[in-house]
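S.K.: To be precise about what I am sending: the file is called model.pdb and holds PDB, C-alpha atoms.
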```pdb
ATOM      1  CA  MET D   1       0.000   0.000   0.000
ATOM      2  CA  ASN D   2       1.529   3.345  -1.016
ATOM      3  CA  ALA D   3       1.392   6.532   1.026
ATOM      4  CA  ASN D   4      -1.474   7.962  -1.023
ATOM      5  CA  GLU D   5      -3.610   4.894  -0.342
ATOM      6  CA  MET D   6      -2.905   5.159   3.389
ATOM      7  CA  THR D   7      -3.953   8.803   3.687
ATOM      8  CA  GLN D   8      -6.880   8.860   1.237
ATOM      9  CA  PRO D   9      -9.661   6.465   2.331
ATOM     10  CA  ASN D  10     -11.988   5.014  -0.291
ATOM     11  CA  GLY D  11     -15.555   6.337  -0.660
ATOM     12  CA  ALA D  12     -17.126   3.890   1.779
ATOM     13  CA  ALA D  13     -14.425   4.384   4.378
ATOM     14  CA  ARG D  14     -14.555   8.145   3.984
ATOM     15  CA  ARG D  15     -18.346   8.150   4.478
ATOM     16  CA  LYS D  16     -17.891   6.055   7.609
ATOM     17  CA  MET D  17     -15.329   8.524   8.934
ATOM     18  CA  LEU D  18     -17.638  11.460   8.187
ATOM     19  CA  VAL D  19     -20.570   9.785   9.927
ATOM     20  CA  GLY D  20     -18.397   8.993  12.922
ATOM     21  CA  SER D  21     -17.065  12.520  13.087
ATOM     22  CA  SER D  22     -20.565  13.964  12.822
ATOM     23  CA  ALA D  23     -21.828  11.697  15.570
ATOM     24  CA  ALA D  24     -18.944  12.700  17.802
ATOM     25  CA  ALA D  25     -19.611  16.364  17.145
ATOM     26  CA  LEU D  26     -23.303  15.955  17.915
ATOM     27  CA  ALA D  27     -22.505  14.073  21.093
ATOM     28  CA  ALA D  28     -20.111  16.803  22.191
ATOM     29  CA  ALA D  29     -22.694  19.464  21.418
ATOM     30  CA  SER D  30     -25.336  17.547  23.365
ATOM     31  CA  ILE D  31     -23.046  17.249  26.366
ATOM     32  CA  ALA D  32     -22.276  20.948  26.198
ATOM     33  CA  ALA D  33     -25.958  21.861  25.957
ATOM     34  CA  ALA D  34     -27.190  19.425  28.586
ATOM     35  CA  PRO D  35     -27.809  20.712  32.087
ATOM     36  CA  SER D  36     -25.609  19.867  35.015
ATOM     37  CA  SER D  37     -26.873  17.433  37.611
ATOM     38  CA  ALA D  38     -30.161  18.391  39.199
ATOM     39  CA  ARG D  39     -29.791  20.524  42.265
ATOM     40  CA  ALA D  40     -32.123  20.290  45.226
ATOM     41  CA  THR D  41     -33.198  23.920  44.997
ATOM     42  CA  GLY D  42     -36.670  23.424  46.429
ATOM     43  CA  LYS D  43     -38.153  25.387  43.526
ATOM     44  CA  SER D  44     -38.271  25.223  39.757
ATOM     45  CA  ALA D  45     -35.405  26.914  37.975
ATOM     46  CA  VAL D  46     -34.164  27.524  34.467
ATOM     47  CA  GLN D  47     -30.411  27.211  34.131
ATOM     48  CA  HIS D  48     -28.648  30.098  32.424
ATOM     49  CA  GLY D  49     -27.722  29.266  28.845
ATOM     50  CA  SER D  50     -29.530  25.941  29.014
ATOM     51  CA  PRO D  51     -32.779  24.793  27.405
ATOM     52  CA  TYR D  52     -33.763  22.975  30.592
ATOM     53  CA  VAL D  53     -36.022  23.741  33.528
ATOM     54  CA  THR D  54     -35.440  21.782  36.729
ATOM     55  CA  THR D  55     -38.549  20.902  38.723
ATOM     56  CA  LYS D  56     -38.890  20.740  42.498
ATOM     57  CA  ASP D  57     -38.285  16.989  42.435
ATOM     58  CA  GLY D  58     -35.169  17.309  40.277
ATOM     59  CA  VAL D  59     -36.622  16.378  36.898
ATOM     60  CA  GLN D  60     -35.009  18.229  34.020
ATOM     61  CA  LEU D  61     -37.493  19.345  31.387
ATOM     62  CA  TYR D  62     -36.285  20.223  27.908
ATOM     63  CA  VAL D  63     -37.899  23.501  26.796
ATOM     64  CA  LYS D  64     -38.239  25.195  23.427
ATOM     65  CA  ASP D  65     -38.628  28.964  23.671
ATOM     66  CA  TRP D  66     -38.988  30.564  20.245
ATOM     67  CA  GLY D  67     -39.942  33.961  18.942
ATOM     68  CA  PRO D  68     -39.533  37.439  20.409
ATOM     69  CA  ARG D  69     -39.244  37.455  24.202
ATOM     70  CA  ASP D  70     -41.662  40.366  24.440
ATOM     71  CA  GLY D  71     -44.280  38.605  22.335
ATOM     72  CA  ARG D  72     -47.495  37.293  23.839
ATOM     73  CA  PRO D  73     -46.775  33.763  25.056
ATOM     74  CA  ILE D  74     -48.444  30.669  23.653
ATOM     75  CA  VAL D  75     -47.641  27.512  25.600
ATOM     76  CA  PHE D  76     -48.050  24.155  23.844
ATOM     77  CA  SER D  77     -48.461  20.782  25.598
ATOM     78  CA  HIS D  78     -47.846  17.707  23.454
ATOM     79  CA  GLY D  79     -49.550  14.347  23.126
ATOM     80  CA  TRP D  80     -48.514  10.765  23.913
ATOM     81  CA  PRO D  81     -45.866   9.469  23.317
ATOM     82  CA  LEU D  82     -44.463  12.440  21.451
ATOM     83  CA  SER D  83     -42.333  15.471  22.289
ATOM     84  CA  SER D  84     -42.468  19.215  21.789
ATOM     85  CA  ASP D  85     -41.329  18.582  18.201
ATOM     86  CA  SER D  86     -44.897  17.555  17.396
ATOM     87  CA  TRP D  87     -45.855  21.248  17.717
ATOM     88  CA  ASP D  88     -43.205  22.552  15.292
ATOM     89  CA  ALA D  89     -45.719  23.464  12.562
ATOM     90  CA  GLN D  90     -47.679  25.618  14.988
ATOM     91  CA  MET D  91     -44.653  27.042  16.795
ATOM     92  CA  LEU D  92     -42.973  28.176  13.589
ATOM     93  CA  PHE D  93     -46.188  29.748  12.326
ATOM     94  CA  PHE D  94     -46.885  31.705  15.501
ATOM     95  CA  ALA D  95     -43.284  32.726  16.137
ATOM     96  CA  ASN D  96     -43.291  34.256  12.660
ATOM     97  CA  GLN D  97     -46.480  36.106  13.674
ATOM     98  CA  GLY D  98     -44.599  37.746  16.556
ATOM     99  CA  TYR D  99     -45.695  35.463  19.384
ATOM    100  CA  ARG D 100     -43.410  33.923  21.966
ATOM    101  CA  VAL D 101     -43.995  30.179  21.696
ATOM    102  CA  VAL D 102     -42.993  27.721  24.390
ATOM    103  CA  ALA D 103     -43.207  23.940  24.579
ATOM    104  CA  HIS D 104     -41.505  21.398  26.792
ATOM    105  CA  ASP D 105     -40.875  17.683  26.523
ATOM    106  CA  ARG D 106     -42.975  15.993  29.203
ATOM    107  CA  ARG D 107     -41.053  14.165  31.924
ATOM    108  CA  GLY D 108     -39.810  10.856  30.552
ATOM    109  CA  HIS D 109     -40.457  12.004  26.971
ATOM    110  CA  GLY D 110     -38.233  13.492  24.300
ATOM    111  CA  ARG D 111     -35.049  15.091  25.649
ATOM    112  CA  SER D 112     -36.266  15.496  29.226
ATOM    113  CA  SER D 113     -34.837  13.309  31.958
ATOM    114  CA  GLN D 114     -36.350   9.894  32.605
ATOM    115  CA  PRO D 115     -37.493   9.527  36.217
ATOM    116  CA  TRP D 116     -38.890   6.173  37.231
ATOM    117  CA  ASP D 117     -42.113   7.570  38.651
ATOM    118  CA  GLY D 118     -44.313  10.651  38.548
ATOM    119  CA  HIS D 119     -45.960   9.819  35.232
ATOM    120  CA  ASP D 120     -49.431  11.031  36.172
ATOM    121  CA  MET D 121     -51.532  14.100  35.471
ATOM    122  CA  ASP D 122     -50.767  15.806  38.773
ATOM    123  CA  HIS D 123     -47.034  15.698  38.061
ATOM    124  CA  TYR D 124     -47.588  16.708  34.437
ATOM    125  CA  ALA D 125     -49.587  19.740  35.575
ATOM    126  CA  ASP D 126     -47.018  20.716  38.178
ATOM    127  CA  ASP D 127     -44.225  20.356  35.616
ATOM    128  CA  LEU D 128     -46.093  22.702  33.297
ATOM    129  CA  ALA D 129     -46.437  25.142  36.180
ATOM    130  CA  ALA D 130     -42.683  24.881  36.767
ATOM    131  CA  VAL D 131     -41.989  25.875  33.164
ATOM    132  CA  VAL D 132     -44.438  28.782  33.325
ATOM    133  CA  GLN D 133     -42.926  29.994  36.588
ATOM    134  CA  ALA D 134     -39.305  29.592  35.487
ATOM    135  CA  LEU D 135     -39.905  31.599  32.306
ATOM    136  CA  ASN D 136     -42.192  34.035  34.151
ATOM    137  CA  LEU D 137     -44.968  33.662  31.588
ATOM    138  CA  SER D 138     -48.223  35.525  32.086
ATOM    139  CA  ASN D 139     -51.295  36.330  30.000
ATOM    140  CA  ALA D 140     -50.514  33.094  28.175
ATOM    141  CA  VAL D 141     -52.619  31.059  25.789
ATOM    142  CA  HIS D 142     -52.341  27.370  26.701
ATOM    143  CA  VAL D 143     -52.843  24.876  23.895
ATOM    144  CA  GLY D 144     -52.979  21.154  24.673
ATOM    145  CA  PHE D 145     -53.197  18.265  22.233
ATOM    146  CA  SER D 146     -54.536  14.838  23.264
ATOM    147  CA  THR D 147     -52.712  13.950  26.514
ATOM    148  CA  GLY D 148     -51.455  17.530  26.520
ATOM    149  CA  GLY D 149     -55.070  18.655  26.676
ATOM    150  CA  GLY D 150     -55.372  16.694  29.889
ATOM    151  CA  GLU D 151     -52.189  18.337  31.127
ATOM    152  CA  VAL D 152     -53.561  21.826  30.453
ATOM    153  CA  THR D 153     -56.873  20.916  32.074
ATOM    154  CA  ARG D 154     -55.267  19.556  35.235
ATOM    155  CA  TYR D 155     -52.901  22.551  35.285
ATOM    156  CA  ILE D 156     -55.877  24.916  35.452
ATOM    157  CA  GLY D 157     -57.537  22.663  38.011
ATOM    158  CA  ARG D 158     -54.489  22.693  40.300
ATOM    159  CA  HIS D 159     -52.942  26.095  39.623
ATOM    160  CA  GLY D 160     -55.801  28.284  38.483
ATOM    161  CA  THR D 161     -55.850  30.833  35.682
ATOM    162  CA  LYS D 162     -53.808  33.670  37.189
ATOM    163  CA  ARG D 163     -51.256  33.300  34.400
ATOM    164  CA  VAL D 164     -53.706  31.984  31.787
ATOM    165  CA  ALA D 165     -55.552  34.210  29.313
ATOM    166  CA  LYS D 166     -57.137  31.567  27.103
ATOM    167  CA  ALA D 167     -57.168  27.801  26.702
ATOM    168  CA  VAL D 168     -57.373  25.526  23.665
ATOM    169  CA  LEU D 169     -58.001  21.779  23.781
ATOM    170  CA  VAL D 170     -57.221  19.936  20.535
ATOM    171  CA  SER D 171     -58.214  16.268  20.122
ATOM    172  CA  ALA D 172     -57.953  16.267  23.898
ATOM    173  CA  VAL D 173     -58.648  13.412  26.325
ATOM    174  CA  PRO D 174     -60.913  15.198  28.878
ATOM    175  CA  PRO D 175     -63.318  14.752  30.480
ATOM    176  CA  LEU D 176     -62.677  10.985  30.876
ATOM    177  CA  MET D 177     -61.747   8.370  28.297
ATOM    178  CA  VAL D 178     -62.188   4.984  29.943
ATOM    179  CA  LYS D 179     -65.601   3.344  30.133
ATOM    180  CA  GLY D 180     -67.122   2.929  33.583
ATOM    181  CA  PRO D 181     -70.337   3.277  35.588
ATOM    182  CA  SER D 182     -70.190   7.073  35.366
ATOM    183  CA  ASN D 183     -68.954   7.009  31.764
ATOM    184  CA  PRO D 184     -70.948   4.288  29.948
ATOM    185  CA  ASN D 185     -70.029   5.575  26.487
ATOM    186  CA  GLY D 186     -66.305   5.598  27.177
ATOM    187  CA  VAL D 187     -63.598   3.439  25.626
ATOM    188  CA  PRO D 188     -63.438  -0.076  27.148
ATOM    189  CA  ILE D 189     -60.427  -0.711  29.379
ATOM    190  CA  ASP D 190     -59.539  -3.664  27.142
ATOM    191  CA  ALA D 191     -58.437  -1.236  24.436
ATOM    192  CA  PHE D 192     -55.904   0.371  26.745
ATOM    193  CA  ASP D 193     -54.786  -2.988  28.127
ATOM    194  CA  SER D 194     -54.114  -4.128  24.568
ATOM    195  CA  THR D 195     -52.026  -1.017  23.937
ATOM    196  CA  ARG D 196     -50.029  -1.653  27.098
ATOM    197  CA  ALA D 197     -49.430  -5.267  26.100
ATOM    198  CA  ALA D 198     -48.332  -4.270  22.614
ATOM    199  CA  LEU D 199     -45.992  -1.637  24.007
ATOM    200  CA  VAL D 200     -44.321  -4.124  26.343
ATOM    201  CA  ALA D 201     -44.088  -6.780  23.634
ATOM    202  CA  ASN D 202     -42.639  -4.574  20.871
ATOM    203  CA  ARG D 203     -42.696  -0.864  21.489
ATOM    204  CA  SER D 204     -40.941  -0.001  18.246
ATOM    205  CA  GLN D 205     -43.503  -1.878  16.164
ATOM    206  CA  LEU D 206     -46.416  -0.316  18.054
ATOM    207  CA  PHE D 207     -44.962   3.115  17.398
ATOM    208  CA  LYS D 208     -44.997   2.312  13.689
ATOM    209  CA  ASP D 209     -48.472   0.804  13.667
ATOM    210  CA  ILE D 210     -50.216   3.731  15.354
ATOM    211  CA  PRO D 211     -49.097   6.553  13.015
ATOM    212  CA  SER D 212     -49.342   4.398   9.901
ATOM    213  CA  GLY D 213     -52.896   3.471  10.888
ATOM    214  CA  PRO D 214     -55.467   5.305  13.019
ATOM    215  CA  PHE D 215     -53.539   8.315  14.333
ATOM    216  CA  TYR D 216     -53.479  10.206  11.041
ATOM    217  CA  GLY D 217     -56.323   8.274   9.468
ATOM    218  CA  PHE D 218     -53.972   6.569   7.021
ATOM    219  CA  ASN D 219     -55.985   3.365   7.477
ATOM    220  CA  ARG D 220     -59.030   4.939   5.839
ATOM    221  CA  PRO D 221     -59.920   3.998   2.234
ATOM    222  CA  GLY D 222     -58.243   6.326  -0.223
ATOM    223  CA  ALA D 223     -55.965   7.913   2.373
ATOM    224  CA  LYS D 224     -52.480   8.832   1.177
ATOM    225  CA  ALA D 225     -49.961   8.040   3.888
ATOM    226  CA  SER D 226     -46.986  10.303   4.544
ATOM    227  CA  GLN D 227     -43.908   8.260   5.377
ATOM    228  CA  GLY D 228     -42.258  11.369   6.762
ATOM    229  CA  MET D 229     -45.052  11.913   9.292
ATOM    230  CA  ILE D 230     -44.952   8.245  10.270
ATOM    231  CA  ASP D 231     -41.176   8.286  10.722
ATOM    232  CA  SER D 232     -41.266  11.486  12.781
ATOM    233  CA  TRP D 233     -43.946  10.032  15.081
ATOM    234  CA  TRP D 234     -41.912   6.859  15.568
ATOM    235  CA  ALA D 235     -38.693   8.778  16.276
ATOM    236  CA  GLN D 236     -40.339  11.022  18.855
ATOM    237  CA  GLY D 237     -41.992   8.085  20.594
ATOM    238  CA  MET D 238     -38.820   6.021  20.759
ATOM    239  CA  GLN D 239     -36.926   8.943  22.272
ATOM    240  CA  GLY D 240     -39.038   8.691  25.425
ATOM    241  CA  SER D 241     -38.492   6.172  28.173
ATOM    242  CA  HIS D 242     -40.242   2.826  28.046
ATOM    243  CA  LYS D 243     -41.531   3.268  31.608
ATOM    244  CA  ALA D 244     -42.884   6.770  31.002
ATOM    245  CA  THR D 245     -44.720   5.871  27.815
ATOM    246  CA  LEU D 246     -46.191   2.812  29.524
ATOM    247  CA  ASP D 247     -47.360   4.634  32.661
ATOM    248  CA  SER D 248     -48.764   7.511  30.664
ATOM    249  CA  ILE D 249     -51.420   5.261  29.141
ATOM    250  CA  LYS D 250     -53.110   5.045  32.535
ATOM    251  CA  ALA D 251     -52.692   8.793  33.021
ATOM    252  CA  PHE D 252     -54.427   9.815  29.810
ATOM    253  CA  SER D 253     -57.105   7.119  29.835
ATOM    254  CA  GLU D 254     -58.207   6.873  33.464
ATOM    255  CA  THR D 255     -57.863  10.412  34.813
ATOM    256  CA  ASP D 256     -61.205  12.098  35.489
ATOM    257  CA  PHE D 257     -61.100  15.793  34.572
ATOM    258  CA  HIS D 258     -64.692  16.762  35.356
ATOM    259  CA  ASP D 259     -63.789  18.800  38.442
ATOM    260  CA  ASP D 260     -60.902  20.499  36.627
ATOM    261  CA  LEU D 261     -63.125  21.582  33.753
ATOM    262  CA  LYS D 262     -65.491  23.230  36.225
ATOM    263  CA  LYS D 263     -62.665  25.577  37.215
ATOM    264  CA  PHE D 264     -62.180  26.999  33.718
ATOM    265  CA  ASP D 265     -63.000  30.716  33.775
ATOM    266  CA  VAL D 266     -61.169  31.892  30.655
ATOM    267  CA  PRO D 267     -62.207  31.808  26.977
ATOM    268  CA  THR D 268     -61.824  28.227  25.790
ATOM    269  CA  LEU D 269     -61.698  26.694  22.331
ATOM    270  CA  VAL D 270     -62.266  22.983  21.745
ATOM    271  CA  VAL D 271     -61.131  21.536  18.395
ATOM    272  CA  HIS D 272     -61.826  17.917  17.474
ATOM    273  CA  GLY D 273     -62.082  15.812  14.331
ATOM    274  CA  ASP D 274     -65.230  13.774  13.897
ATOM    275  CA  ASP D 275     -63.197  10.819  12.562
ATOM    276  CA  ASP D 276     -60.864  10.647  15.549
ATOM    277  CA  GLN D 277     -60.148   6.940  16.073
ATOM    278  CA  ILE D 278     -57.881   7.510  19.081
ATOM    279  CA  VAL D 279     -59.945   9.883  21.233
ATOM    280  CA  PRO D 280     -63.517   9.697  19.904
ATOM    281  CA  ILE D 281     -65.183  13.092  19.713
ATOM    282  CA  ASP D 282     -68.372  11.926  21.436
ATOM    283  CA  VAL D 283     -66.350  10.702  24.419
ATOM    284  CA  ALA D 284     -64.201  13.814  24.622
ATOM    285  CA  GLY D 285     -64.517  17.041  22.655
ATOM    286  CA  ARG D 286     -68.284  17.326  22.496
ATOM    287  CA  LEU D 287     -68.659  16.599  26.220
ATOM    288  CA  THR D 288     -65.877  18.979  27.201
ATOM    289  CA  ALA D 289     -67.493  21.796  25.248
ATOM    290  CA  THR D 290     -70.688  21.366  27.299
ATOM    291  CA  LEU D 291     -68.813  21.280  30.614
ATOM    292  CA  VAL D 292     -66.773  24.459  30.151
ATOM    293  CA  LYS D 293     -68.958  27.520  30.394
ATOM    294  CA  GLY D 294     -68.898  29.522  27.173
ATOM    295  CA  ALA D 295     -66.550  27.127  25.387
ATOM    296  CA  LYS D 296     -66.533  27.182  21.589
ATOM    297  CA  LEU D 297     -66.438  23.865  19.739
ATOM    298  CA  ILE D 298     -65.040  23.562  16.222
ATOM    299  CA  VAL D 299     -65.519  20.177  14.570
ATOM    300  CA  TYR D 300     -63.252  19.256  11.657
ATOM    301  CA  ASN D 301     -65.286  17.082   9.333
ATOM    302  CA  GLY D 302     -63.487  13.846   8.495
ATOM    303  CA  ALA D 303     -60.395  14.839  10.461
ATOM    304  CA  PRO D 304     -58.352  12.232  12.350
ATOM    305  CA  HIS D 305     -56.757  12.464  15.768
ATOM    306  CA  GLY D 306     -53.486  13.936  14.507
ATOM    307  CA  LEU D 307     -55.041  16.996  12.907
ATOM    308  CA  THR D 308     -52.179  19.193  14.121
ATOM    309  CA  GLU D 309     -50.345  17.771  11.107
ATOM    310  CA  THR D 310     -53.045  16.679   8.665
ATOM    311  CA  HIS D 311     -54.982  19.938   9.056
ATOM    312  CA  LYS D 312     -52.194  22.209  10.269
ATOM    313  CA  ASP D 313     -53.048  25.195   8.068
ATOM    314  CA  GLN D 314     -56.697  25.102   9.084
ATOM    315  CA  LEU D 315     -55.776  24.700  12.733
ATOM    316  CA  ASN D 316     -53.227  27.513  12.648
ATOM    317  CA  GLY D 317     -55.848  29.811  11.144
ATOM    318  CA  ASP D 318     -58.463  28.890  13.731
ATOM    319  CA  LEU D 319     -55.992  29.311  16.587
ATOM    320  CA  LEU D 320     -54.879  32.712  15.317
ATOM    321  CA  LYS D 321     -58.457  33.901  14.999
ATOM    322  CA  PHE D 322     -59.280  32.694  18.530
ATOM    323  CA  ILE D 323     -56.170  34.217  20.065
ATOM    324  CA  LYS D 324     -56.753  37.572  18.411
ATOM    325  CA  GLY D 325     -60.471  37.572  19.205
TER     326      GLY D 325
END
```
Go ahead and render the structure in this file as structure tokens.

M.R.:
Amino acid sequence: MNANEMTQPNGAARRKMLVGSSAAALAAASIAAAPSSARATGKSAVQHGSPYVTTKDGVQLYVKDWGPRDGRPIVFSHGWPLSSDSWDAQMLFFANQGYRVVAHDRRGHGRSSQPWDGHDMDHYADDLAAVVQALNLSNAVHVGFSTGGGEVTRYIGRHGTKRVAKAVLVSAVPPLMVKGPSNPNGVPIDAFDSTRAALVANRSQLFKDIPSGPFYGFNRPGAKASQGMIDSWWAQGMQGSHKATLDSIKAFSETDFHDDLKKFDVPTLVVHGDDDQIVPIDVAGRLTATLVKGAKLIVYNGAPHGLTETHKDQLNGDLLKFIKG
């Protein structure tokens, strides 16, 4: 082997070196950006120069904070088992409109730390409060999708509306999903048990089956599936911890939000698709709109659960109109 052959790798080897170098650079950047070990501060805190907020119990929440800092804040809460990335279409749109847009990865999801416990609506609501407090957000519009709608609802139930100007629930799980004596039209517990079993058996496959099927309505006759949307859903889900995504099924399906909804005293918009196969509109959106005084319900005809993507332009327009109204 001559000197030229030793110093000039072939195409395959060079690509391997480039990939390795890129991975190393990304790893170094991640280490530099990651927060230091959680400190027992006794209160929520945002670390200077870091995209993390540390909660009272030491959980580090990854936070996106886009747009002008003096813009009116819109706070987005994401669905299961996703991350704040699922709101990118809305966050980009509203940041370009001059709003300050904030979204965090729920504990155990996305880039947030992965505690073993605390995967319930009370903790989710308190984590949201920690983000709001750390960033000193007020007069905010809170927008929750699916499980995130439950998070926003429990947040108002536990922390009130002192910092809340308006609320939006999109394809949201309240008032109660699971079927029971007080909720005879709910979803049978067997459906959630099956999801839990599938997640334990092969989480990666489940996280392909859901977005390629009912989540975006790609299982409907004539539907044109987007591989990009499916891949993004899978990647976000797999980034979360196995324990968190498992426990969260109980949180979003069995939590009763009736008392929380009674505490809503701000303008509220409910958006739901009438072909939602994940959170049926008659179990959720339509009931919620009757429980929140003065709430406005917008039904998207033929829309699936994941309308934040499939109907993003329509949703962005409706949100903007509601926020400005």

S.K.: With all atoms listed in the file as the atoms that count, which of D:Phe252, D:Tyr155, D:Phe257, D:Tyr216 lies nearest to Val187 (chain D)?

M.R.: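 Using all atoms listed in the file, the shortest distance to Val187 (chain D) belongs to D:Phe252.
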
S.K.: Mind pulling up the distance from CA of Arg100 (chain D) to CA of His119 (chain D)?

M.R.: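 Calculated distance between CA of His119 (chain D) and CA of Arg100 (chain D) is 27.6 Å.
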
S.K.: Rounded to one decimal place, report the CA of Ala251 (chain D)-CA of Met121 (chain D) distance in Å.

M.R.: 6.0 Å

S.K.: One number please: CA of Lys262 (chain D) to CA of Gln133 (chain D), in Å, one decimal.

M.R.: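 Answer for the CA of Lys262 (chain D) to CA of Gln133 (chain D) separation: 23.6 Å.
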
S.K.: From the list D:Val101, D:Ala130, D:Ala197, D:Met177, which residue is nearest Tyr52 (chain D) when using all atoms listed in the file?

M.R.: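 Closest residue, counting all atoms listed in the file: D:Ala130.
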
S.K.: I'd like to see the residues matched by the PyMOL selection byres ((chain D and resi 118) around 10) on this file, and ideally I'd get them as a list in words.

M.R.: Asp57, Val59, Arg107, Gly108, Gln114, Pro115, Trp116, Asp117, His119, Asp120, Met121, Asp122, His123, Tyr124, Ala244, Asp247 and Ser248 of chain D

S.K.: Would you pick out the contacts of Phe145 (chain D) at 10 Å or less, using only C-alpha atoms, so that residues sharing its chain but fewer than 3 positions from it are not included, and give the list as an MDAnalysis selection string?

M.R.: chainID D and resid 76:80 86:87 148:152 168:173 271:272 305:308

S.K.: Translate the PyMOL selection byres ((chain D and resi 175) around 9), as applied to the file shown, into an explicit residue set as an NGL selection string.

M.R.: :D and (150 or 172-174 or 176-177 or 255-261 or 283-285 or 287-288 or 291)

S.K.: Could you tell me, as a JSON list (two decimals) with C-alpha atoms, in the frame of the given file, exactly which residues end up selected when the PyMOL selection byres ((chain D and resi 112) around 10) is applied to this structure?

M.R.:
```json
[["chain", "number", "residue", "atom", "x", "y", "z"],
["D", 34, "ALA", "CA", -27.19, 19.42, 28.59],
["D", 52, "TYR", "CA", -33.76, 22.98, 30.59],
["D", 53, "VAL", "CA", -36.02, 23.74, 33.53],
["D", 54, "THR", "CA", -35.44, 21.78, 36.73],
["D", 59, "VAL", "CA", -36.62, 16.38, 36.90],
["D", 60, "GLN", "CA", -35.01, 18.23, 34.02],
["D", 61, "LEU", "CA", -37.49, 19.34, 31.39],
["D", 62, "TYR", "CA", -36.28, 20.22, 27.91],
["D", 63, "VAL", "CA", -37.90, 23.50, 26.80],
["D", 83, "SER", "CA", -42.33, 15.47, 22.29],
["D", 104, "HIS", "CA", -41.50, 21.40, 26.79],
["D", 105, "ASP", "CA", -40.88, 17.68, 26.52],
["D", 106, "ARG", "CA", -42.98, 15.99, 29.20],
["D", 107, "ARG", "CA", -41.05, 14.16, 31.92],
["D", 108, "GLY", "CA", -39.81, 10.86, 30.55],
["D", 109, "HIS", "CA", -40.46, 12.00, 26.97],
["D", 110, "GLY", "CA", -38.23, 13.49, 24.30],
["D", 111, "ARG", "CA", -35.05, 15.09, 25.65],
["D", 113, "SER", "CA", -34.84, 13.31, 31.96],
["D", 114, "GLN", "CA", -36.35, 9.89, 32.60],
["D", 115, "PRO", "CA", -37.49, 9.53, 36.22],
["D", 239, "GLN", "CA", -36.93, 8.94, 22.27],
["D", 240, "GLY", "CA", -39.04, 8.69, 25.42],
["D", 241, "SER", "CA", -38.49, 6.17, 28.17]]
```

S.K.: Which residues come within 12 Å of Glu309 (chain D), counting only C-alpha atoms, excluding same-chain residues fewer than 6 positions away, as a list in words?

M.R.: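 Contacts, in chain order: Asp85, Ser86, Trp87, Asp88, Ala89, Gln90, Phe145, Val170, Pro211, Phe215, Tyr216, Gly217, Ser226, Gly228, Met229, Ile230, Ser232, Trp233, Ala303, Leu315 and Asn316 of chain D.
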
S.K.: Taking all atoms listed in the file into account, name the residue in D:Val292, D:Val178, D:Lys224, D:His242 that is nearest to Asp190 (chain D).

M.R.: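 The answer is D:Val178, which sits nearest to Asp190 (chain D).
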